[in-house]
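**Q** Provided herewith: my_file23.txt, compact mmCIF, C-alpha atoms and all ligand atoms.
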```txt
# COMPACT_ATOMS: atom_id res chain seq x y z
CA MET A 78 60.74 -15.75 -111.16
CA PRO A 79 60.27 -13.21 -108.32
CA ASP A 80 63.38 -11.77 -106.75
CA ALA A 81 63.63 -12.31 -102.99
CA ASN A 82 66.78 -10.30 -102.44
CA ASP A 83 64.77 -7.14 -101.79
CA ILE A 84 62.48 -8.74 -99.18
CA PRO A 85 63.31 -7.13 -95.83
CA GLY A 86 64.66 -9.66 -93.36
CA ALA A 87 64.55 -12.60 -95.76
CA ALA A 88 67.63 -14.76 -96.05
CA PRO A 89 69.61 -13.88 -99.17
CA LEU A 90 69.15 -16.19 -102.10
CA ALA A 91 71.51 -19.12 -101.84
CA PRO A 92 71.53 -21.02 -105.11
CA CYS A 93 73.71 -23.78 -103.65
CA ILE A 94 71.18 -24.79 -101.00
CA ASP A 95 70.73 -28.54 -101.26
CA GLY A 96 68.96 -29.41 -98.03
CA THR A 97 71.94 -31.14 -96.47
CA GLY A 98 72.43 -28.47 -93.82
CA PRO A 99 70.37 -25.96 -91.83
CA VAL A 100 69.07 -23.01 -93.83
CA SER A 101 68.43 -19.51 -92.50
CA VAL A 102 64.88 -18.35 -93.03
CA THR A 103 65.45 -15.15 -91.04
CA ASP A 104 68.15 -14.08 -88.56
CA ARG A 105 66.24 -15.94 -85.80
CA ILE A 106 64.57 -18.75 -87.68
CA THR A 107 66.32 -21.72 -89.25
CA TRP A 108 65.00 -24.59 -91.36
CA ILE A 109 66.16 -27.97 -90.04
CA GLY A 110 63.87 -30.23 -92.05
CA ALA A 111 64.50 -33.24 -94.27
CA LEU A 112 64.21 -33.82 -97.99
CA ASP A 113 62.60 -36.97 -99.38
CA PRO A 114 63.15 -36.61 -103.12
CA THR A 115 62.53 -40.22 -104.14
CA LEU A 116 59.09 -40.60 -102.52
CA ARG A 117 56.50 -41.31 -105.22
CA SER A 118 53.41 -41.99 -103.12
CA PHE A 119 52.43 -40.28 -99.88
CA ASP A 120 50.05 -41.94 -97.39
CA ILE A 121 49.16 -44.41 -100.17
CA ILE A 122 46.69 -41.96 -101.74
CA LEU A 123 48.82 -39.10 -103.09
CA LYS A 124 51.22 -39.21 -106.01
CA THR A 125 54.44 -37.31 -105.37
CA ALA A 126 56.24 -36.86 -108.68
CA ASN A 127 58.74 -34.50 -107.02
CA GLY A 128 59.00 -36.27 -103.66
CA THR A 129 58.35 -34.17 -100.57
CA SER A 130 60.01 -32.42 -97.67
CA TYR A 131 59.30 -32.55 -93.94
CA ASN A 132 59.91 -29.02 -92.77
CA SER A 133 60.97 -28.34 -89.22
CA TYR A 134 62.21 -25.03 -87.87
CA VAL A 135 64.13 -23.58 -84.95
CA VAL A 136 63.17 -20.19 -83.51
CA ARG A 137 65.76 -18.51 -81.35
CA GLY A 138 64.78 -15.96 -78.68
CA SER A 139 66.85 -14.23 -76.03
CA LYS A 140 65.47 -16.55 -73.33
CA GLY A 141 64.70 -19.74 -75.11
CA VAL A 142 64.77 -21.81 -78.26
CA ALA A 143 61.74 -23.42 -79.86
CA VAL A 144 61.52 -26.30 -82.30
CA ILE A 145 58.50 -26.13 -84.58
CA ASP A 146 57.34 -29.60 -85.70
CA THR A 147 59.75 -32.43 -86.51
CA VAL A 148 60.18 -34.89 -89.40
CA LYS A 149 59.14 -38.38 -90.49
CA GLU A 150 60.78 -41.19 -88.54
CA PRO A 151 63.30 -42.38 -91.19
CA PHE A 152 64.82 -38.88 -91.19
CA ILE A 153 65.52 -38.57 -87.45
CA ALA A 154 69.31 -38.61 -87.88
CA ASP A 155 69.14 -35.93 -90.56
CA PHE A 156 66.92 -33.75 -88.33
CA LEU A 157 69.10 -34.14 -85.22
CA GLU A 158 72.26 -33.41 -87.16
CA LYS A 159 70.84 -30.13 -88.42
CA LEU A 160 69.36 -29.24 -85.03
CA GLU A 161 72.69 -29.78 -83.30
CA GLN A 162 74.32 -27.32 -85.67
CA VAL A 163 72.03 -24.49 -84.58
CA ALA A 164 71.10 -25.21 -80.93
CA ARG A 165 72.25 -27.04 -77.84
CA TYR A 166 69.69 -29.43 -76.36
CA GLU A 167 69.83 -27.76 -72.96
CA GLU A 168 68.75 -24.41 -74.41
CA ILE A 169 65.66 -25.81 -76.16
CA THR A 170 62.71 -24.73 -74.03
CA THR A 171 59.80 -25.40 -76.35
CA LEU A 172 58.56 -27.94 -78.84
CA VAL A 173 55.51 -26.88 -80.85
CA LEU A 174 53.54 -29.61 -82.57
CA ASN A 175 51.15 -27.94 -84.97
CA HIS A 176 49.83 -31.30 -86.19
CA LEU A 177 50.36 -34.82 -84.91
CA GLU A 178 50.50 -36.97 -88.04
CA PRO A 179 53.60 -39.20 -88.15
CA ASP A 180 55.28 -37.24 -90.95
CA HIS A 181 55.66 -34.33 -88.49
CA THR A 182 56.14 -36.20 -85.23
CA GLY A 183 58.54 -38.97 -86.22
CA ALA A 184 61.42 -37.39 -84.30
CA VAL A 185 59.52 -36.30 -81.18
CA THR A 186 60.66 -39.21 -79.04
CA ALA A 187 64.27 -38.85 -80.18
CA LEU A 188 64.16 -35.14 -79.33
CA LEU A 189 62.58 -35.77 -75.93
CA GLU A 190 65.29 -38.28 -75.08
CA ARG A 191 67.86 -35.54 -75.61
CA ALA A 192 65.90 -32.61 -74.21
CA PRO A 193 63.44 -34.09 -71.67
CA HIS A 194 63.06 -30.74 -69.89
CA LEU A 195 61.39 -28.90 -72.80
CA ARG A 196 57.71 -28.03 -72.73
CA ILE A 197 55.52 -29.38 -75.54
CA HIS A 198 52.76 -27.13 -76.88
CA VAL A 199 49.89 -28.71 -78.77
CA SER A 200 46.28 -27.81 -79.46
CA THR A 201 43.63 -29.18 -77.10
CA ARG A 202 42.67 -31.85 -79.62
CA GLY A 203 46.31 -32.57 -80.34
CA LEU A 204 46.77 -33.48 -76.70
CA LEU A 205 44.71 -36.65 -77.17
CA VAL A 206 46.83 -37.78 -80.10
CA LEU A 207 50.06 -36.95 -78.29
CA ARG A 208 48.96 -39.08 -75.36
CA ALA A 209 48.44 -41.99 -77.76
CA LEU A 210 51.78 -41.29 -79.41
CA LEU A 211 53.84 -41.21 -76.21
CA LYS A 212 51.80 -43.91 -74.46
CA ASP A 213 53.20 -44.71 -70.98
CA ASP A 214 55.84 -42.01 -71.32
CA PHE A 215 53.28 -39.21 -71.67
CA ASP A 216 53.26 -38.36 -67.95
CA ARG A 217 57.03 -38.03 -67.87
CA PHE A 218 56.94 -34.91 -69.99
CA ASP A 219 55.79 -31.32 -69.63
CA VAL A 220 52.87 -30.99 -72.03
CA GLN A 221 50.76 -27.87 -72.38
CA ALA A 222 47.54 -27.66 -74.41
CA VAL A 223 47.21 -24.18 -75.88
CA SER A 224 44.18 -22.30 -77.09
CA CYS A 225 43.73 -19.74 -79.83
CA GLY A 226 45.60 -16.49 -79.19
CA GLU A 227 47.72 -17.86 -76.36
CA THR A 228 51.39 -16.89 -76.48
CA VAL A 229 54.67 -18.34 -75.28
CA SER A 230 57.63 -16.08 -74.68
CA LEU A 231 61.15 -16.86 -75.82
CA GLY A 232 62.38 -13.53 -74.44
CA ASP A 233 62.67 -11.10 -77.31
CA ARG A 234 60.69 -13.43 -79.61
CA SER A 235 57.28 -14.97 -78.94
CA LEU A 236 55.04 -17.64 -80.36
CA ARG A 237 51.31 -17.05 -80.84
CA PHE A 238 49.04 -20.02 -81.46
CA LEU A 239 46.08 -19.89 -83.81
CA THR A 240 43.60 -22.72 -83.65
CA THR A 241 42.84 -23.78 -87.23
CA PRO A 242 41.10 -27.14 -86.94
CA TYR A 243 40.48 -29.51 -89.85
CA VAL A 244 43.16 -28.22 -92.15
CA HIS A 245 43.19 -31.12 -92.31
CA TRP A 246 42.89 -32.94 -88.95
CA PRO A 247 40.94 -31.83 -85.86
CA ASP A 248 44.25 -31.05 -84.11
CA THR A 249 45.76 -28.64 -86.64
CA GLN A 250 46.96 -25.22 -85.54
CA CYS A 251 49.28 -22.50 -86.84
CA THR A 252 52.01 -20.69 -84.92
CA TYR A 253 53.01 -17.09 -85.52
CA VAL A 254 56.27 -15.39 -84.55
CA GLU A 255 55.06 -11.82 -84.23
CA GLU A 256 58.48 -10.16 -84.19
CA GLU A 257 59.63 -11.96 -87.33
CA GLN A 258 56.22 -11.95 -89.02
CA VAL A 259 56.69 -15.60 -89.83
CA LEU A 260 53.74 -17.99 -89.79
CA PHE A 261 54.19 -21.76 -89.41
CA THR A 262 51.24 -23.55 -90.99
CA CYS A 263 52.26 -27.24 -91.09
CA ASP A 264 50.12 -28.94 -93.80
CA PHE A 265 48.10 -25.80 -94.53
CA LEU A 266 49.46 -23.94 -97.60
CA GLY A 267 52.01 -26.70 -98.07
CA CYS A 268 52.58 -29.15 -100.88
CA HIS A 269 54.55 -32.25 -101.74
CA TYR A 270 57.35 -30.74 -103.75
CA CYS A 271 60.93 -31.49 -102.85
CA ASP A 272 63.52 -28.96 -103.95
CA GLY A 273 66.66 -28.25 -101.94
CA ARG A 274 66.60 -24.61 -103.01
CA LEU A 275 63.81 -24.38 -100.42
CA PHE A 276 62.29 -20.94 -101.04
CA ASN A 277 59.39 -20.33 -103.40
CA ASP A 278 61.38 -17.76 -105.35
CA ALA A 279 64.24 -20.21 -105.90
CA VAL A 280 62.64 -23.61 -106.54
CA GLY A 281 61.11 -24.96 -109.76
CA ASP A 282 57.50 -24.56 -110.80
CA PHE A 283 55.39 -26.10 -108.03
CA ARG A 284 51.96 -24.75 -108.99
CA PHE A 285 50.69 -28.17 -110.00
CA SER A 286 51.83 -29.73 -106.70
CA PHE A 287 50.29 -26.90 -104.69
CA GLU A 288 46.88 -27.35 -106.32
CA TYR A 289 47.04 -31.16 -106.31
CA TYR A 290 47.81 -31.10 -102.59
CA PHE A 291 44.92 -28.74 -101.95
CA ASP A 292 42.54 -30.94 -103.96
CA HIS A 293 43.37 -34.09 -102.06
CA ILE A 294 44.10 -32.80 -98.57
CA MET A 295 42.19 -29.56 -98.01
CA ARG A 296 39.24 -29.62 -100.41
CA PRO A 297 37.01 -31.88 -98.26
CA PHE A 298 37.29 -29.27 -95.48
CA ARG A 299 36.25 -26.18 -97.40
CA PRO A 300 34.47 -24.30 -94.57
CA TYR A 301 37.44 -24.89 -92.27
CA VAL A 302 39.88 -23.71 -94.92
CA ILE A 303 37.94 -20.46 -95.24
CA GLU A 304 37.87 -20.09 -91.46
CA ALA A 305 41.64 -20.63 -91.28
CA LEU A 306 42.29 -18.16 -94.11
CA ASP A 307 40.15 -15.57 -92.34
CA LYS A 308 42.23 -16.10 -89.24
CA ILE A 309 45.69 -15.90 -90.78
CA GLU A 310 45.21 -13.30 -93.51
CA PRO A 311 44.97 -10.27 -91.15
CA LEU A 312 48.38 -11.18 -89.69
CA GLY A 313 50.08 -9.91 -92.84
CA ALA A 314 52.86 -12.49 -92.46
CA ARG A 315 55.87 -11.74 -94.61
CA ILE A 316 56.91 -15.40 -94.64
CA ILE A 317 54.69 -18.49 -94.54
CA ALA A 318 56.63 -21.58 -93.51
CA PRO A 319 54.63 -24.75 -94.14
CA GLY A 320 55.42 -28.32 -93.10
CA HIS A 321 55.86 -29.57 -96.67
CA GLY A 322 57.26 -27.93 -99.78
CA PRO A 323 58.69 -24.49 -100.44
CA VAL A 324 58.92 -21.77 -97.80
CA LEU A 325 56.75 -18.93 -99.09
CA ARG A 326 58.81 -15.81 -98.61
CA SER A 327 58.08 -14.09 -101.90
CA HIS A 328 54.52 -12.75 -102.01
CA PRO A 329 53.06 -15.14 -99.41
CA GLU A 330 49.78 -13.26 -99.66
CA ALA A 331 49.45 -14.56 -103.24
CA TYR A 332 49.24 -18.12 -101.88
CA ILE A 333 46.51 -17.12 -99.46
CA GLN A 334 44.60 -15.61 -102.39
CA HIS A 335 45.24 -18.74 -104.44
CA TYR A 336 43.72 -20.86 -101.67
CA ARG A 337 40.71 -18.55 -101.69
CA ARG A 338 40.30 -19.24 -105.42
CA LEU A 339 40.76 -22.98 -104.93
CA VAL A 340 38.22 -23.09 -102.16
CA THR A 341 35.65 -21.44 -104.40
CA PRO A 342 33.49 -24.07 -106.11
CA ARG A 343 34.85 -25.07 -109.52
CA LEU A 344 31.46 -24.62 -111.12
CA ALA A 345 29.61 -21.37 -110.62
CA SER A 346 26.12 -21.84 -109.26
CA GLU A 347 23.52 -21.54 -112.01
CA THR A 348 20.48 -22.51 -110.05
CA GLY A 349 19.90 -19.70 -107.55
CA ALA A 350 17.28 -20.88 -105.11
CA GLU A 351 16.65 -24.05 -107.12
CA LYS A 352 17.78 -27.37 -105.68
CA THR A 353 19.82 -29.73 -107.81
CA LEU A 354 19.46 -33.49 -108.12
CA LEU A 355 21.96 -35.53 -110.15
CA ILE A 356 21.04 -39.03 -111.26
CA PHE A 357 23.97 -41.27 -112.20
CA TYR A 358 23.51 -44.76 -113.55
CA VAL A 359 25.24 -47.70 -115.15
CA SER A 360 23.10 -50.16 -117.07
CA ALA A 361 24.05 -53.56 -118.50
CA TYR A 362 20.85 -54.37 -120.41
CA GLY A 363 18.92 -51.11 -120.19
CA ALA A 364 16.83 -51.96 -117.12
CA THR A 365 18.64 -49.67 -114.65
CA GLU A 366 18.62 -46.98 -117.34
CA GLN A 367 14.82 -47.28 -117.59
CA MET A 368 14.63 -46.87 -113.84
CA ALA A 369 16.85 -43.78 -114.05
CA GLN A 370 14.63 -42.24 -116.71
CA ALA A 371 11.48 -42.82 -114.66
CA ILE A 372 13.15 -41.43 -111.51
CA CYS A 373 14.22 -38.39 -113.52
CA ALA A 374 10.67 -37.89 -114.79
CA GLY A 375 9.22 -38.14 -111.28
CA ALA A 376 11.75 -35.73 -109.79
CA SER A 377 11.21 -33.29 -112.64
CA ASP A 378 7.54 -32.97 -111.66
CA VAL A 379 8.63 -31.13 -108.52
CA ALA A 380 8.96 -27.36 -108.91
CA ASP A 381 12.23 -25.65 -107.95
CA VAL A 382 14.36 -28.75 -108.51
CA ARG A 383 16.76 -29.01 -111.44
CA VAL A 384 17.23 -32.65 -112.36
CA SER A 385 20.11 -33.98 -114.47
CA MET A 386 20.92 -37.51 -115.58
CA PHE A 387 24.29 -39.03 -116.50
CA ASP A 388 25.39 -42.39 -117.83
CA LEU A 389 28.54 -43.09 -115.80
CA GLN A 390 29.97 -45.21 -118.58
CA GLY A 391 30.16 -42.14 -120.80
CA GLY A 392 31.99 -39.73 -118.52
CA GLU A 393 35.11 -39.09 -116.49
CA VAL A 394 35.02 -39.16 -112.72
CA LEU A 395 36.52 -35.72 -112.00
CA PRO A 396 33.88 -33.56 -113.77
CA PHE A 397 31.21 -35.61 -112.02
CA VAL A 398 32.88 -34.99 -108.65
CA ASN A 399 32.88 -31.25 -109.39
CA LEU A 400 29.17 -31.43 -110.18
CA ILE A 401 28.40 -33.39 -107.03
CA GLU A 402 30.28 -30.87 -104.90
CA GLU A 403 27.72 -28.26 -105.94
CA ALA A 404 24.63 -30.53 -105.96
CA ASP A 405 22.05 -30.86 -103.22
CA GLY A 406 21.36 -34.52 -103.90
CA ILE A 407 22.47 -37.52 -105.90
CA ALA A 408 20.86 -40.80 -106.87
CA ILE A 409 23.06 -43.64 -108.03
CA GLY A 410 21.80 -46.53 -110.08
CA THR A 411 23.71 -49.76 -110.52
CA PRO A 412 22.92 -53.30 -111.50
CA THR A 413 24.20 -56.09 -109.30
CA ILE A 414 26.93 -58.07 -111.02
CA ASN A 415 28.65 -60.91 -109.18
CA GLY A 416 27.06 -59.74 -105.94
CA ASP A 417 28.45 -56.21 -106.18
CA ALA A 418 27.90 -52.76 -107.65
CA VAL A 419 29.89 -52.19 -110.81
CA ARG A 420 33.40 -50.77 -110.75
CA THR A 421 32.46 -47.45 -112.40
CA VAL A 422 30.12 -46.73 -109.50
CA TRP A 423 32.78 -47.53 -106.93
CA ASP A 424 35.25 -45.32 -108.81
CA LEU A 425 32.87 -42.39 -108.46
CA LEU A 426 31.99 -43.13 -104.85
CA SER A 427 35.62 -43.49 -103.77
CA SER A 428 36.43 -40.14 -105.40
CA LEU A 429 33.88 -38.38 -103.23
CA VAL A 430 36.31 -38.40 -100.29
CA ASP A 431 37.86 -35.32 -101.91
CA ILE A 432 34.75 -33.19 -101.38
CA ASP A 433 32.35 -32.35 -98.59
CA THR A 434 29.21 -34.47 -99.03
CA LYS A 435 27.88 -34.15 -95.50
CA GLY A 436 24.13 -33.52 -95.42
CA LYS A 437 23.49 -33.94 -99.12
CA VAL A 438 20.59 -36.21 -100.04
CA GLY A 439 21.71 -39.58 -101.36
CA ALA A 440 19.81 -42.49 -102.83
CA ALA A 441 20.50 -45.78 -104.57
CA PHE A 442 18.55 -47.84 -107.07
CA GLY A 443 19.11 -50.62 -109.53
CA SER A 444 17.85 -53.58 -111.43
CA PHE A 445 18.94 -57.08 -110.50
CA GLY A 446 18.60 -60.65 -111.69
CA TRP A 447 19.34 -62.83 -108.68
CA SER A 448 20.62 -61.36 -105.43
CA GLY A 449 20.57 -57.54 -105.84
CA GLU A 450 22.99 -56.57 -103.06
CA ALA A 451 24.45 -53.62 -104.98
CA VAL A 452 21.77 -51.13 -103.94
CA SER A 453 22.25 -51.64 -100.20
CA MET A 454 26.03 -51.55 -100.67
CA VAL A 455 25.78 -48.16 -102.35
CA GLU A 456 23.40 -46.92 -99.67
CA ASN A 457 25.90 -47.91 -96.99
CA ARG A 458 28.61 -46.01 -98.81
CA LEU A 459 26.43 -42.91 -99.11
CA GLN A 460 25.75 -43.06 -95.40
CA GLY A 461 29.49 -43.51 -94.81
CA LEU A 462 29.97 -40.23 -96.68
CA LYS A 463 27.60 -38.66 -94.13
CA MET A 464 24.86 -38.10 -96.69
CA ARG A 465 21.19 -38.23 -95.76
CA VAL A 466 19.55 -41.31 -97.25
CA PRO A 467 15.88 -40.57 -96.60
CA GLU A 468 14.34 -43.07 -99.05
CA PRO A 469 14.99 -46.81 -98.89
CA GLY A 470 16.93 -47.94 -101.97
CA LEU A 471 14.79 -49.05 -104.89
CA ARG A 472 15.48 -52.48 -106.38
CA ILE A 473 13.59 -53.95 -109.29
CA LYS A 474 14.00 -57.44 -110.71
CA LEU A 475 14.95 -57.29 -114.40
CA HIS A 476 13.18 -54.64 -116.48
CA PRO A 477 10.59 -52.48 -114.68
CA ARG A 478 6.92 -53.21 -115.45
CA ALA A 479 4.44 -50.35 -115.76
CA ASP A 480 3.62 -50.37 -112.04
CA GLU A 481 7.30 -50.53 -111.21
CA GLN A 482 7.94 -47.58 -113.51
CA ASN A 483 5.38 -45.72 -111.39
CA ALA A 484 7.30 -46.72 -108.26
CA CYS A 485 10.44 -45.26 -109.85
CA ARG A 486 8.62 -42.02 -110.65
CA ASP A 487 7.37 -41.83 -107.08
CA PHE A 488 10.89 -42.51 -105.81
CA GLY A 489 12.22 -39.61 -107.89
CA LYS A 490 9.43 -37.34 -106.74
CA GLN A 491 10.07 -38.15 -103.09
CA LEU A 492 13.78 -37.45 -103.49
CA ALA A 493 13.03 -34.09 -105.07
CA LEU A 494 10.60 -33.26 -102.27
CA HIS A 495 13.26 -34.09 -99.70
CA LEU A 496 15.46 -31.50 -101.38
CA THR A 497 12.78 -28.83 -101.18
CA GLY A 498 11.80 -29.78 -97.65
CA ARG A 499 8.21 -30.31 -98.78
CA THR A 500 8.09 -34.04 -98.29
CA THR A 501 5.51 -35.57 -95.99
CA PRO A 502 6.18 -38.67 -93.92
CA ARG A 503 5.15 -41.77 -95.87
CA GLU A 504 3.02 -44.48 -94.38
CA ILE A 505 5.13 -47.59 -94.58
CA ASP A 506 3.44 -50.63 -96.03
CA MET A 507 4.85 -53.54 -94.00
CA SER A 508 4.82 -55.75 -97.08
CA GLU A 509 7.39 -53.34 -98.63
CA LEU A 510 9.85 -54.22 -95.94
CA PHE A 511 9.55 -57.92 -96.52
CA ALA A 512 9.63 -57.53 -100.29
CA LYS A 513 13.32 -56.58 -100.01
FE1 LIG B 601 51.79 -33.69 -93.35
FE2 LIG B 601 48.70 -34.29 -92.20
O1 LIG B 601 50.51 -34.56 -92.36
```
Translate the structure of the given file into structure tokens.

**A**
Amino acid sequence: MPDANDIPGAAPLAPCIDGTGPVSVTDRITWIGALDPTLRSFDIILKTANGTSYNSYVVRGSKGVAVIDTVKEPFIADFLEKLEQVARYEEITTLVLNHLEPDHTGAVTALLERAPHLRIHVSTRGLLVLRALLKDDFDRFDVQAVSCGETVSLGDRSLRFLTTPYVHWPDTQCTYVEEEQVLFTCDFLGCHYCDGRLFNDAVGDFRFSFEYYFDHIMRPFRPYVIEALDKIEPLGARIIAPGHGPVLRSHPEAYIQHYRRLVTPRLASETGAEKTLLIFYVSAYGATEQMAQAICAGASDVADVRVSMFDLQGGEVLPFVNLIEEADGIAIGTPTINGDAVRTVWDLLSSLVDIDTKGKVGAAFGSFGWSGEAVSMVENRLQGLKMRVPEPGLRIKLHPRADEQNACRDFGKQLALHLTGRTTPREIDMSELFAK
């Protein structure tokens, strides 16, 4: 475990820290957050084996006191109790909201009731959410939208705002205290890991939580994560203070580097200038599989496209998600069973929220016996994932005949051509539309 006692300006190690009182981060910065050790599921979608923390901080300057973010609503009393131990309400001049989700803004109203004179600083996009949060009370308060690089003085300490959108909401920003070299990042570089010892050099092993949090919160926003890293890395912060999980005072730069590794695609590109098309299918009686094979054959006729085919029943979702993250296009084949696509297909499609699929080519196909709704359902989902769906989904009743096999081959070829940009507009046969 790294030793923090030799870090200039860092609070000395305090093995008895248990989160029940304020904790010094530096001489001028104090943690006043809340611990939620028994939480086992966050926002429905995330598992939290170690619970989480809602980190809030006080920054003290010679001419003002700032509160950075607050806590989730059930922890208001805990937050106020800690705040009152380190500041009087009348001396609080500034409330910074780096992100407006309820786990960081649950105590805003309670704080405003006690310190209505303070000025709230949010990003331009955060302003819209704050208006919705405060509703009719919004106009009663002093709210200032800040842009990147803008500063607020607290006398001998100052706050600099860095706009870092989509890590992971449009409103997200970071705040830097230049004189302390402390960076507040809210969700960015955070994790759901509750440990009252608070600092990364004192808590238990949170590597799993850090990566799990990245995978489910930050991974879909890869380009924005890189942009944010590029913005914060040159600061050379000696402490990174996120909104969840340990305060990173020992080797914070290592966590920035770790994010850079995590943001790098899991699978190295093997295809160079080639485009990649992945065909996934599930088949009950072999008909959808025959379609998949014909689509694969048609797509493979197109130069510069690498085509791969996978039976979803034979694989795990996560490796497929990693493949799709790097692919240029996917085609998904499913039979219609009880008026729906099969569960394995939905499992894969629902897992795609963790990656950026915007602009990839998507397509759906499948065999059916009676109604055949599954194909259009999958197409809708692909469009919901912001994929391009340039070819109408291909449905074939029962097993494909020879001419229908040809239609599958043509479908595959067209998809591959869309990937290469060499496709030509098709003349639509009106009878095709009514055949659906
Ligand atoms: Fe921790 Fe996006 O809220």

**Q** Expressed in Å to a single decimal, how great is the separation between CA of Gln460 (chain A) and CA of Cys373 (chain A)?

**A**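 Separation between CA of Gln460 (chain A) and CA of Cys373 (chain A): 22.0 Å.
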
**Q** With all atoms listed in the file as the basis for distance, which of A:Thr201, A:Ser448, A:Thr249, A:Thr186 is at the shortest distance from ligand LIG 601 (chain B)?

**A** A:Thr249

**Q** Which residues are near ligand LIG 601 (chain B) in this structure, taking near to mean any atom at most 10 Å from a ligand atom and counting only C-alpha atoms and all ligand atoms? Format them as JSON, numbers by chain.

**A** {"A": [119, 120, 129, 130, 131, 132, 148, 149, 175, 176, 177, 178, 179, 180, 181, 182, 243, 244, 245, 246, 248, 249, 263, 264, 265, 267, 268, 269, 294, 295, 319, 320, 321]}

**Q** Using all atoms listed in the file, list the residues that have an atom at most 10 Å from (55.6, -23.4, -86.4), coordinates as in the file, as a ChimeraX atom specification.

**A** /A:132-136,143-147,172-176,236-238,250-254,259-263,317-320

**Q** Expressed in Å to a single decimal, how great is the separation between CA of Arg472 (chain A) and CA of Ser444 (chain A)?

**A**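 Computing it gives 5.7 Å between the two atoms.
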
**Q** In Å, with one decimal, what is the gap from CA of Ile473 (chain A) to CA of Glu450 (chain A)?

**A** 11.6 Å

**Q** Between A:Leu204, A:Arg284, A:Val324, A:Asp378, which residue has the minimum interatomic distance to Thr107 (chain A), considering all atoms listed in the file?

**A**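 Under the stated criterion, the closest residue is A:Val324.
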
**Q** Just checking: using all atoms listed in the file, which residue out of A:Ala493, A:Leu231, A:Asp417, A:Phe291 ends up closest to Ile356 (chain A)?

**A**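 That would be A:Ala493, the residue with the smallest distance to Ile356 (chain A).
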
**Q** Could you give me, as JSON lines, every region 317-371 of chain A residue with an atom at most 10 Å from region 432-442 of chain A, plus its closest atom pair and distance in Å to one decimal, counting all atoms listed in the file, rows ordered by chain then number?

**A**
```
{"residue": "A:Leu354", "atom": "CA", "partner": "A:Val438", "partner_atom": "CA", "distance": 8.6}
{"residue": "A:Leu355", "atom": "CA", "partner": "A:Gly439", "partner_atom": "CA", "distance": 9.7}
{"residue": "A:Ile356", "atom": "CA", "partner": "A:Ala440", "partner_atom": "CA", "distance": 9.2}
{"residue": "A:Phe357", "atom": "CA", "partner": "A:Ala441", "partner_atom": "CA", "distance": 9.5}
{"residue": "A:Tyr358", "atom": "CA", "partner": "A:Phe442", "partner_atom": "CA", "distance": 8.7}
{"residue": "A:Thr365", "atom": "CA", "partner": "A:Phe442", "partner_atom": "CA", "distance": 7.8}
{"residue": "A:Met368", "atom": "CA", "partner": "A:Phe442", "partner_atom": "CA", "distance": 7.9}
{"residue": "A:Ala369", "atom": "CA", "partner": "A:Phe442", "partner_atom": "CA", "distance": 8.3}
```

**Q** Keeping C-alpha atoms for every residue in the selection just given, could you write it to a file as a PDB file, in the coordinates of the input?

**A**
```
ATOM      1  CA  LEU A 354      19.460 -33.490-108.120  1.00  0.00           C
ATOM      2  CA  LEU A 355      21.960 -35.530-110.150  1.00  0.00           C
ATOM      3  CA  ILE A 356      21.040 -39.030-111.260  1.00  0.00           C
ATOM      4  CA  PHE A 357      23.970 -41.270-112.200  1.00  0.00           C
ATOM      5  CA  TYR A 358      23.510 -44.760-113.550  1.00  0.00           C
ATOM      6  CA  THR A 365      18.640 -49.670-114.650  1.00  0.00           C
ATOM      7  CA  MET A 368      14.630 -46.870-113.840  1.00  0.00           C
ATOM      8  CA  ALA A 369      16.850 -43.780-114.050  1.00  0.00           C
TER       9      ALA A 369
END
```

**Q** Counting all atoms listed in the file, which of A:Leu207, A:Leu275, A:Leu195, A:Ala164 gets nearest to Leu325 (chain A)?

**A** A:Leu275

**Q** At a cut-off of 8 Å from (68.5, -31.1, -75.9) in the coordinates of the file, what residues are picked up using all atoms listed in the file, written as a list in words?

**A**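 Looking at atoms near the point gives Arg165, Tyr166, Glu167, Glu168, Ile169, Leu188, Leu189, Glu190, Arg191, Ala192 and Pro193 of chain A.
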
**Q** Could you check which of A:Ile333, A:Val280, A:Ala371, A:Met454 is closest to Ala479 (chain A), using all atoms listed in the file?

**A**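 Closest to Ala479 (chain A) of all the choices is A:Ala371.
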
**Q** Which is closest to Lys463 (chain A) among A:Ile197, A:Leu389, A:Val430, A:Ile122, if we use all atoms listed in the file?

**A**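 Checking each of A:Ile197, A:Leu389, A:Val430, A:Ile122 against Lys463 (chain A), counting all atoms listed in the file, the winner is A:Val430.
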
**Q** Residues near Arg296 (chain A), anyone? I mean within 12 Å using only C-alpha atoms, not counting same-chain ones fewer than 2 positions away, as a PyMOL selection string.

**A** chain A and resi 243-245+265+288-294+298-303+336-343+398-399+402+428-434

**Q** Near Pro412 (chain A), within 10 Å and counting all atoms listed in the file, which residues show up once chain neighbours fewer than 3 positions away are dropped, as a PyMOL selection string?

**A** chain A and resi 358-366+415-419+422+442-446+449-452+472-475

**Q** Please return the centre and edge lengths, in Å to one decimal, of a box with edges along x, y and z that contains all listed atoms of region 379-385 of chain A, widened by 3 Å on every side, as JSON.

**A**
```
{"center_x": 14.4, "center_y": -29.8, "center_z": -111.2, "size_x": 17.5, "size_y": 14.3, "size_z": 12.5}
```
